[in-house]
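Student: So here's input23.cif, just mmCIF, C-alpha atoms:
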```cif
data_model
#
loop_
_atom_site.label_atom_id
_atom_site.label_comp_id
_atom_site.auth_asym_id
_atom_site.auth_seq_id
_atom_site.Cartn_x
_atom_site.Cartn_y
_atom_site.Cartn_z
CA MET D 1128 79.66 85.00 96.78
CA ALA D 1129 83.08 86.57 96.51
CA ALA D 1130 85.24 85.54 93.60
CA GLY D 1131 87.73 82.80 94.42
CA THR D 1132 88.06 79.09 94.63
CA ARG D 1133 85.39 78.60 97.30
CA GLY D 1134 82.56 76.50 95.98
CA THR D 1135 84.21 76.00 92.58
CA GLY D 1136 85.70 72.59 93.25
CA VAL D 1137 89.14 73.83 92.21
CA ARG D 1138 91.92 72.83 94.58
CA PRO D 1139 94.52 75.51 95.31
CA ALA D 1140 97.96 74.78 93.88
CA PRO D 1141 100.27 73.16 96.43
CA THR D 1142 102.89 75.45 97.91
CA LEU D 1143 106.33 74.93 99.42
CA ALA D 1144 104.70 74.94 102.85
CA THR D 1145 102.14 72.34 101.76
CA VAL D 1146 104.89 70.01 100.59
CA ALA D 1147 106.88 70.60 103.77
CA ALA D 1148 103.89 69.69 105.96
CA ALA D 1149 103.18 66.55 103.92
CA ALA D 1150 106.84 65.45 104.06
CA GLY D 1151 107.30 66.32 107.72
CA VAL D 1152 110.23 68.62 107.05
CA SER D 1153 110.88 72.36 107.04
CA PRO D 1154 110.16 74.55 103.99
CA ALA D 1155 113.89 75.23 103.81
CA THR D 1156 114.56 71.51 103.33
CA VAL D 1157 111.97 71.35 100.55
CA SER D 1158 113.64 74.34 98.88
CA ARG D 1159 117.04 72.65 99.03
CA VAL D 1160 115.65 69.46 97.46
CA VAL D 1161 113.85 71.14 94.56
CA ASN D 1162 116.89 73.33 93.88
CA GLY D 1163 119.22 70.34 93.69
CA SER D 1164 121.26 70.96 96.85
CA ALA D 1165 123.40 68.08 98.06
CA THR D 1166 123.09 69.08 101.74
CA VAL D 1167 119.95 67.02 102.39
CA SER D 1168 119.83 63.56 103.95
CA PRO D 1169 118.64 60.71 101.72
CA GLU D 1170 115.64 60.14 104.04
CA HIS D 1171 114.47 63.75 103.85
CA ARG D 1172 115.09 63.90 100.09
CA GLU D 1173 112.97 60.78 99.54
CA ALA D 1174 110.16 62.15 101.74
CA VAL D 1175 110.12 65.45 99.86
CA GLU D 1176 110.17 63.77 96.45
CA ARG D 1177 107.24 61.54 97.46
CA ALA D 1178 105.25 64.57 98.64
CA VAL D 1179 106.07 66.51 95.47
CA ALA D 1180 104.87 63.62 93.29
CA ARG D 1181 101.70 63.04 95.34
CA LEU D 1182 100.70 66.70 95.51
CA GLY D 1183 101.77 67.61 91.97
CA TYR D 1184 103.91 70.48 93.24
CA VAL D 1185 105.56 72.61 90.53
CA PRO D 1186 108.33 74.97 91.74
CA ASN D 1187 107.79 78.64 91.02
CA ARG D 1188 110.37 79.31 88.29
CA ALA D 1189 110.60 83.02 89.03
CA ALA D 1190 111.17 82.46 92.75
CA ARG D 1191 113.58 79.63 92.05
CA SER D 1192 115.64 81.78 89.70
CA LEU D 1193 116.06 84.36 92.47
CA VAL D 1194 117.62 81.66 94.64
CA THR D 1195 119.72 79.87 92.02
CA ARG D 1196 120.40 82.92 89.81
CA ARG D 1197 119.53 80.70 86.85
CA THR D 1198 116.81 81.07 84.25
CA GLY D 1199 116.70 77.47 83.04
CA ALA D 1200 117.26 78.62 79.46
CA ILE D 1201 120.07 78.48 76.89
CA ALA D 1202 120.16 80.72 73.84
CA LEU D 1203 120.87 79.01 70.52
CA VAL D 1204 121.88 81.92 68.30
CA VAL D 1205 122.12 81.41 64.53
CA ARG D 1206 124.07 84.24 62.88
CA GLU D 1207 122.27 84.08 59.54
CA ALA D 1208 119.18 85.50 57.85
CA VAL D 1209 115.92 83.95 59.02
CA GLU D 1210 115.12 82.44 55.62
CA PHE D 1211 118.57 80.80 55.51
CA GLY D 1212 118.50 79.55 59.09
CA VAL D 1213 115.05 78.02 58.67
CA GLY D 1214 115.72 76.49 55.25
CA ASP D 1215 119.25 75.14 55.64
CA PRO D 1216 119.10 71.37 56.37
CA TYR D 1217 122.30 71.35 58.44
CA LEU D 1218 121.09 74.13 60.74
CA ALA D 1219 117.64 72.57 60.99
CA SER D 1220 119.17 69.20 61.95
CA PHE D 1221 121.38 70.90 64.53
CA VAL D 1222 118.44 72.67 66.18
CA VAL D 1223 116.46 69.41 66.38
CA ALA D 1224 119.44 67.52 67.86
CA ALA D 1225 120.17 70.29 70.38
CA SER D 1226 116.51 70.35 71.44
CA GLN D 1227 116.58 66.59 72.00
CA SER D 1228 119.81 66.94 74.01
CA VAL D 1229 118.22 69.18 76.66
CA VAL D 1230 115.26 66.85 77.29
CA GLY D 1231 115.32 65.83 80.94
CA THR D 1232 117.86 68.48 81.97
CA GLY D 1233 115.33 71.04 83.19
CA VAL D 1234 116.70 73.44 80.59
CA HIS D 1235 115.04 74.69 77.41
CA LEU D 1236 116.40 76.33 74.27
CA VAL D 1237 115.60 79.83 73.10
CA VAL D 1238 116.35 79.87 69.36
CA MET D 1239 117.32 83.28 67.97
CA VAL D 1240 118.30 84.23 64.41
CA ALA D 1241 120.21 87.39 63.50
CA SER D 1242 121.84 88.21 60.17
CA ASP D 1243 122.89 91.86 60.18
CA ASP D 1244 123.92 94.65 62.53
CA SER D 1245 120.36 95.81 63.13
CA GLU D 1246 119.46 92.34 64.40
CA HIS D 1247 122.74 91.60 66.19
CA GLU D 1248 122.28 94.35 68.78
CA PRO D 1249 118.91 93.23 70.20
CA VAL D 1250 120.03 89.60 70.21
CA GLY D 1251 123.20 90.52 72.09
CA SER D 1252 121.25 92.68 74.53
CA TYR D 1253 118.80 89.85 75.23
CA VAL D 1254 121.54 87.34 75.97
CA LEU D 1255 123.62 89.79 78.01
CA SER D 1256 120.62 90.95 80.07
CA GLY D 1257 120.41 87.72 82.02
CA HIS D 1258 117.47 86.13 80.23
CA VAL D 1259 119.51 82.95 79.63
CA ASP D 1260 122.18 81.04 81.52
CA GLY D 1261 124.45 80.43 78.53
CA ALA D 1262 124.68 80.60 74.77
CA ILE D 1263 125.45 78.40 71.78
CA LEU D 1264 126.52 80.34 68.69
CA LEU D 1265 126.22 78.89 65.19
CA SER D 1266 127.41 80.19 61.81
CA VAL D 1267 129.74 82.84 63.22
CA HIS D 1268 131.36 85.10 60.63
CA ALA D 1269 134.57 87.11 60.88
CA GLY D 1270 134.01 90.44 62.61
CA ASP D 1271 131.07 89.23 64.72
CA PRO D 1272 131.33 91.11 68.08
CA LEU D 1273 128.98 88.85 70.06
CA PRO D 1274 131.42 86.07 71.09
CA GLN D 1275 133.83 88.52 72.71
CA GLN D 1276 130.98 90.44 74.34
CA LEU D 1277 129.63 87.27 75.94
CA LEU D 1278 133.05 86.15 77.14
CA ARG D 1279 133.79 89.54 78.70
CA ALA D 1280 130.44 89.41 80.49
CA GLY D 1281 131.17 85.92 81.84
CA VAL D 1282 128.29 84.26 79.96
CA PRO D 1283 128.91 80.51 79.46
CA LEU D 1284 129.53 80.14 75.73
CA VAL D 1285 130.16 77.45 73.12
CA VAL D 1286 130.76 78.25 69.44
CA GLY D 1287 129.84 75.85 66.66
CA GLY D 1288 132.95 75.46 64.52
CA ARG D 1289 136.40 76.95 64.93
CA PRO D 1290 135.71 80.65 65.53
CA PRO D 1291 137.23 83.14 63.07
CA MET D 1292 138.55 85.23 65.96
CA ALA D 1293 140.71 84.38 68.97
CA LEU D 1294 138.51 83.53 71.96
CA GLU D 1295 140.69 83.44 75.06
CA GLY D 1296 139.02 81.05 77.47
CA GLY D 1297 136.28 80.18 74.96
CA CYS D 1298 135.08 76.75 73.91
CA TYR D 1299 134.15 75.48 70.46
CA VAL D 1300 133.07 72.19 68.91
CA ASP D 1301 134.11 71.71 65.29
CA SER D 1302 134.18 69.00 62.63
CA ASP D 1303 137.48 68.18 60.95
CA ASN D 1304 136.72 70.30 57.90
CA THR D 1305 140.32 70.30 56.67
CA ALA D 1306 140.47 66.51 56.60
CA GLY D 1307 137.01 66.40 55.02
CA GLY D 1308 138.09 68.64 52.16
CA ALA D 1309 141.11 66.43 51.60
CA LEU D 1310 138.87 63.34 51.43
CA ALA D 1311 136.91 64.91 48.58
CA ALA D 1312 140.07 65.70 46.60
CA GLN D 1313 141.49 62.24 47.19
CA ARG D 1314 138.28 60.64 45.89
CA PHE D 1315 138.50 62.65 42.66
CA LEU D 1316 142.17 61.74 42.23
CA ALA D 1317 141.53 58.04 42.91
CA THR D 1318 138.79 57.93 40.27
CA GLY D 1319 140.97 59.53 37.59
CA ARG D 1320 139.50 63.03 37.42
CA ARG D 1321 141.84 65.50 35.75
CA CYS D 1322 140.31 68.99 35.81
CA ILE D 1323 139.06 69.50 39.36
CA ALA D 1324 137.22 72.57 40.67
CA ALA D 1325 135.65 73.74 43.94
CA VAL D 1326 132.63 75.78 44.99
CA SER D 1327 133.60 77.17 48.39
CA GLY D 1328 131.41 78.73 51.04
CA PRO D 1329 131.80 82.32 52.33
CA ALA D 1330 135.43 83.34 52.73
CA ASP D 1331 134.72 84.86 56.18
CA MET D 1332 133.63 81.52 57.68
CA THR D 1333 136.27 79.12 58.98
CA ALA D 1334 134.31 75.99 58.04
CA ALA D 1335 134.37 77.03 54.39
CA ALA D 1336 137.99 78.17 54.54
CA ASP D 1337 139.15 74.94 56.20
CA ARG D 1338 137.29 72.72 53.72
CA LEU D 1339 138.85 74.57 50.81
CA ALA D 1340 142.31 74.50 52.43
CA GLY D 1341 142.17 70.74 52.93
CA PHE D 1342 140.90 70.21 49.39
CA ARG D 1343 143.64 72.36 47.86
CA SER D 1344 146.36 70.80 50.01
CA ALA D 1345 145.51 67.29 48.77
CA LEU D 1346 145.49 68.48 45.15
CA ARG D 1347 148.78 70.31 45.64
CA GLU D 1348 150.42 67.18 47.02
CA ALA D 1349 149.40 65.40 43.81
CA GLY D 1350 150.83 68.19 41.68
CA ARG D 1351 147.41 69.41 40.52
CA ASP D 1352 146.12 72.93 39.86
CA THR D 1353 144.21 74.43 42.80
CA GLY D 1354 143.02 77.67 41.22
CA LEU D 1355 139.59 76.66 39.88
CA VAL D 1356 137.47 78.05 42.74
CA GLU D 1357 134.28 80.07 42.93
CA TYR D 1358 132.62 81.22 46.16
CA GLY D 1359 129.01 80.67 47.17
CA ALA D 1360 126.81 81.36 50.18
CA PHE D 1361 125.84 77.82 51.25
CA THR D 1362 122.66 78.13 49.14
CA ARG D 1363 121.42 76.21 46.08
CA SER D 1364 121.24 79.30 43.91
CA SER D 1365 124.84 80.25 44.73
CA GLY D 1366 126.02 76.73 43.87
CA GLU D 1367 124.24 76.85 40.53
CA ARG D 1368 125.70 80.28 39.72
CA ALA D 1369 129.20 79.24 40.79
CA VAL D 1370 129.33 76.11 38.60
CA ARG D 1371 128.08 78.11 35.63
CA GLU D 1372 130.94 80.59 36.13
CA LEU D 1373 133.44 77.75 36.55
CA LEU D 1374 132.36 76.18 33.25
CA GLU D 1375 132.73 79.53 31.50
CA ARG D 1376 136.29 79.76 32.81
CA GLU D 1377 137.20 76.16 32.08
CA PRO D 1378 134.84 73.98 29.98
CA ARG D 1379 136.99 70.87 30.55
CA ILE D 1380 136.06 70.57 34.26
CA ASP D 1381 135.29 66.95 35.12
CA ALA D 1382 134.94 67.18 38.93
CA VAL D 1383 133.40 69.73 41.34
CA PHE D 1384 133.65 69.77 45.14
CA ALA D 1385 130.90 71.84 46.78
CA ALA D 1386 131.50 72.93 50.39
CA SER D 1387 127.93 72.01 51.39
CA ASP D 1388 125.31 69.56 50.17
CA VAL D 1389 122.88 72.40 49.55
CA MET D 1390 125.35 74.09 47.20
CA ALA D 1391 126.02 70.70 45.60
CA LEU D 1392 122.32 70.44 44.72
CA GLY D 1393 122.67 73.74 42.90
CA VAL D 1394 125.79 72.43 41.18
CA LEU D 1395 123.86 69.39 39.94
CA ARG D 1396 121.16 71.62 38.51
CA GLY D 1397 123.70 73.89 36.85
CA LEU D 1398 125.46 70.94 35.26
CA ARG D 1399 122.19 69.54 33.91
CA ALA D 1400 121.38 72.94 32.40
CA ALA D 1401 124.80 72.91 30.71
CA GLY D 1402 124.17 69.44 29.25
CA ARG D 1403 126.74 67.71 31.49
CA ARG D 1404 126.01 64.24 32.85
CA VAL D 1405 126.84 63.33 36.46
CA PRO D 1406 129.04 61.41 37.05
CA GLU D 1407 129.88 60.44 33.44
CA ASP D 1408 131.03 63.94 32.44
CA VAL D 1409 131.46 65.65 35.79
CA ALA D 1410 131.75 64.07 39.25
CA VAL D 1411 130.26 66.00 42.20
CA ILE D 1412 130.99 65.75 45.93
CA GLY D 1413 129.21 67.72 48.65
CA PHE D 1414 129.76 68.21 52.38
CA ASP D 1415 127.51 67.59 55.45
CA ASP D 1416 125.53 64.45 54.46
CA VAL D 1417 122.12 66.02 55.08
CA ASP D 1418 119.07 63.84 54.42
CA LEU D 1419 118.54 65.38 50.99
CA ALA D 1420 121.93 64.12 49.79
CA ALA D 1421 120.73 60.54 49.47
CA TYR D 1422 117.66 61.68 47.49
CA ALA D 1423 119.51 63.87 44.99
CA GLU D 1424 119.58 62.84 41.33
CA PRO D 1425 121.98 61.12 41.21
CA PRO D 1426 122.46 60.36 44.94
CA LEU D 1427 125.21 62.60 46.23
CA THR D 1428 128.65 61.48 47.31
CA THR D 1429 129.47 63.68 50.29
CA VAL D 1430 131.65 64.24 53.35
CA ARG D 1431 129.67 63.43 56.49
CA GLN D 1432 130.02 65.54 59.60
CA PRO D 1433 128.38 64.22 62.80
CA THR D 1434 125.77 66.96 63.31
CA ALA D 1435 123.87 65.27 66.13
CA VAL D 1436 127.09 64.50 68.02
CA GLN D 1437 128.23 68.10 67.57
CA ALA D 1438 124.93 69.43 68.93
CA ARG D 1439 124.98 67.08 71.91
CA THR D 1440 128.62 67.89 72.70
CA MET D 1441 127.93 71.63 72.57
CA VAL D 1442 124.92 71.35 74.88
CA GLU D 1443 126.97 69.30 77.35
CA ALA D 1444 129.79 71.85 77.19
CA VAL D 1445 127.59 74.85 77.93
CA LEU D 1446 125.76 73.00 80.73
CA ALA D 1447 129.11 72.10 82.31
CA GLN D 1448 130.04 75.79 82.37
CA ILE D 1449 126.66 76.74 83.85
CA ARG D 1450 127.22 74.19 86.64
CA GLY D 1451 130.56 75.80 87.40
CA GLU D 1452 132.67 72.90 86.15
CA GLY D 1453 134.98 75.10 84.07
CA THR D 1454 135.35 75.59 80.34
CA PRO D 1455 135.89 72.36 78.38
CA ASP D 1456 138.71 72.13 75.87
CA PRO D 1457 137.83 72.60 72.18
CA VAL D 1458 136.59 69.46 70.44
CA VAL D 1459 137.18 68.49 66.80
CA LEU D 1460 134.97 65.66 65.55
CA PRO D 1461 135.99 63.31 62.70
CA THR D 1462 134.54 63.47 59.19
CA GLU D 1463 134.14 60.62 56.70
CA LEU D 1464 133.45 60.16 53.00
CA VAL D 1465 130.07 58.68 52.03
CA VAL D 1466 130.28 57.31 48.49
CA ARG D 1467 127.13 57.36 46.36
CA ASP D 1468 126.52 57.69 42.62
CA SER D 1469 127.63 61.26 41.91
CA ALA D 1470 131.39 60.57 42.30
#
```
How does this structure look as structure tokens?
Tutor:
Amino acid sequence: MAAGTRGTGVRPAPTLATVAAAAGVSPATVSRVVNGSATVSPEHREAVERAVARLGYVPNRAARSLVTRRTGAIALVVREAVEFGVGDPYLASFVVAASQSVVGTGVHLVVMVASDDSEHEPVGSYVLSGHVDGAILLSVHAGDPLPQQLLRAGVPLVVGGRPPMALEGGCYVDSDNTAGGALAAQRFLATGRRCIAAVSGPADMTAAADRLAGFRSALREAGRDTGLVEYGAFTRSSGERAVRELLEREPRIDAVFAASDVMALGVLRGLRAAGRRVPEDVAVIGFDDVDLAAYAEPPLTTVRQPTAVQARTMVEAVLAQIRGEGTPDPVVLPTELVVRDSA
């Protein structure tokens, strides 16, 4: 017997024509329904949807993309090293929240990580070659060419955080990092701390720069010194190194603001190694309010940014652009201080 489905008991997959015959409509009408066209009567739409459900019809994605010119995919591009992107709690939380936000939309996320020039080029080529309908960019550093490349190519784009370069016609969703930095300084001032220092993130990232600017502005308004700053890389090891260098410069430090909770964990370890008690000798405040913050020793006072809301807002913004609804205005989400035992 020739190879095939004959005699095997396997039913052939339903086709567009099969659905059309079952619904009593033309194949063109079925195509319009499954592709979301509004030019179908309610009666015909209901008949097609019943036939699709009964027959278990699954549209051919490749054929559908030829009609709609859409791939059904969004790229979520993290501009960091793989080990950082996978291990950073904020980025991990963002990816989970973004994935949950596309459930039920018919769209899926393609997560890509690129940290240096050798990785940037293939990532950019993939996105620009039409494999995705839009892109979400996270952790963008100054000098990154990808945002401008995507905008020039007309790719729907949303950047996480205020971008370090001008993006004419671009959209971003940020947290109020400046106000968050100020909240940390104000907490130290309100609790009587006198020698206040900061561990900032990378100078070429606007989130880090804005957090430090807000922190310094609040100290300056109170007539305090703003020069005790070391820079880290949003990692535990860089936070530990930075606080060690701060203590060498000024042993009297009694408060440290770290621009991320992960760096704050490193700060806590560095202070313990130096024989400093938290908060009795040195108060510590982080930023993000990742899950680990509440389980630090002692539990970490931190500035909360609404990661899940940011992810959901960015997904909605890029989907709006894909649907042709225009580019949404930039969004800045509020931050708040979460007081625990460390400050």
Student: Which residues would end up in the selection if the PyMOL selection byres ((chain D and resi 1216) around 12) were applied here, given that I need the answer as a PDB file with C-alpha atoms, keeping the file's coordinate frame?
Tutor:
```pdb
ATOM      1  CA  GLU D1210     115.120  82.440  55.620  1.00  0.00           C
ATOM      2  CA  PHE D1211     118.570  80.800  55.510  1.00  0.00           C
ATOM      3  CA  GLY D1212     118.500  79.550  59.090  1.00  0.00           C
ATOM      4  CA  VAL D1213     115.050  78.020  58.670  1.00  0.00           C
ATOM      5  CA  GLY D1214     115.720  76.490  55.250  1.00  0.00           C
ATOM      6  CA  ASP D1215     119.250  75.140  55.640  1.00  0.00           C
ATOM      7  CA  TYR D1217     122.300  71.350  58.440  1.00  0.00           C
ATOM      8  CA  LEU D1218     121.090  74.130  60.740  1.00  0.00           C
ATOM      9  CA  ALA D1219     117.640  72.570  60.990  1.00  0.00           C
ATOM     10  CA  SER D1220     119.170  69.200  61.950  1.00  0.00           C
ATOM     11  CA  PHE D1221     121.380  70.900  64.530  1.00  0.00           C
ATOM     12  CA  VAL D1222     118.440  72.670  66.180  1.00  0.00           C
ATOM     13  CA  VAL D1223     116.460  69.410  66.380  1.00  0.00           C
ATOM     14  CA  PHE D1361     125.840  77.820  51.250  1.00  0.00           C
ATOM     15  CA  THR D1362     122.660  78.130  49.140  1.00  0.00           C
ATOM     16  CA  ARG D1363     121.420  76.210  46.080  1.00  0.00           C
ATOM     17  CA  SER D1387     127.930  72.010  51.390  1.00  0.00           C
ATOM     18  CA  ASP D1388     125.310  69.560  50.170  1.00  0.00           C
ATOM     19  CA  VAL D1389     122.880  72.400  49.550  1.00  0.00           C
ATOM     20  CA  MET D1390     125.350  74.090  47.200  1.00  0.00           C
ATOM     21  CA  PHE D1414     129.760  68.210  52.380  1.00  0.00           C
ATOM     22  CA  ASP D1415     127.510  67.590  55.450  1.00  0.00           C
ATOM     23  CA  ASP D1416     125.530  64.450  54.460  1.00  0.00           C
ATOM     24  CA  VAL D1417     122.120  66.020  55.080  1.00  0.00           C
ATOM     25  CA  ASP D1418     119.070  63.840  54.420  1.00  0.00           C
ATOM     26  CA  LEU D1419     118.540  65.380  50.990  1.00  0.00           C
ATOM     27  CA  ALA D1420     121.930  64.120  49.790  1.00  0.00           C
ATOM     28  CA  THR D1434     125.770  66.960  63.310  1.00  0.00           C
TER      29      THR D1434
END
```
Student: Given the PyMOL selection byres ((chain D and resi 1383) around 7) and the file above, list the residues it selects as a list in words.
Tutor: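 Applying the expression gives Ile1323, Ala1324, Ala1325, Ala1382, Phe1384, Ala1385, Ala1410, Val1411 and Ile1412 of chain D.
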Student: Please identify every residue of stretch 1238-1327 of chain D that has at least one atom no farther than 12 Å from an atom of stretch 1398-1406 of chain D, counting only C-alpha atoms, and for each give the shortest atom pair and the distance in Å to one decimal, arranged by chain then increasing number, as a Markdown table.
Tutor:
```
| residue | atom | partner | partner_atom | distance |
| --- | --- | --- | --- | --- |
| D:Phe1315 | CA | D:Pro1406 | CA | 11.1 |
| D:Thr1318 | CA | D:Pro1406 | CA | 10.8 |
| D:Arg1320 | CA | D:Pro1406 | CA | 10.6 |
```
Student: Between D:Gly1359, D:Gly1233, D:Gly1288, D:Pro1283, which residue has the minimum interatomic distance to D:Glu1452, considering all atoms listed in the file?
Tutor: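 Between D:Gly1359, D:Gly1233, D:Gly1288, D:Pro1283, the residue approaching D:Glu1452 most closely is D:Pro1283.
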Student: Between D:Arg1351, D:Arg1368, D:Arg1343, D:His1258, single out the one closest to D:Val1282, counting all atoms listed in the file.
Tutor: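 Smallest distance to D:Val1282 is found for D:His1258.
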Student: Which residues, written as a count of residues only, have at least one atom at most 10 Å from D:Glu1295, with only C-alpha atoms counted and residues fewer than 4 positions away on the same chain left out?
Tutor: 3
Student: Let me make sure I understand: among D:Glu1424, D:Glu1170, D:Asp1408, D:Glu1348, which one has the smallest atom-to-atom distance to D:Pro1378 if we use all atoms listed in the file?
Tutor: D:Asp1408
Student: Please write as a list of chain:residue names the full residue list that the PyMOL selection byres ((chain D and resi 1459) around 6) yields on this file.
Tutor: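 This file, filtered by the PyMOL selection byres ((chain D and resi 1459) around 6), leaves D:Val1300, D:Asp1301, D:Ser1302, D:Asp1303, D:Val1458, D:Leu1460.
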Student: Enter the distance from atom CA of D:Ala1241 to atom CA of D:Arg1206, in Å, rounded to one decimal.
Tutor: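 Atom CA of D:Ala1241 sits 5.0 Å away from atom CA of D:Arg1206.
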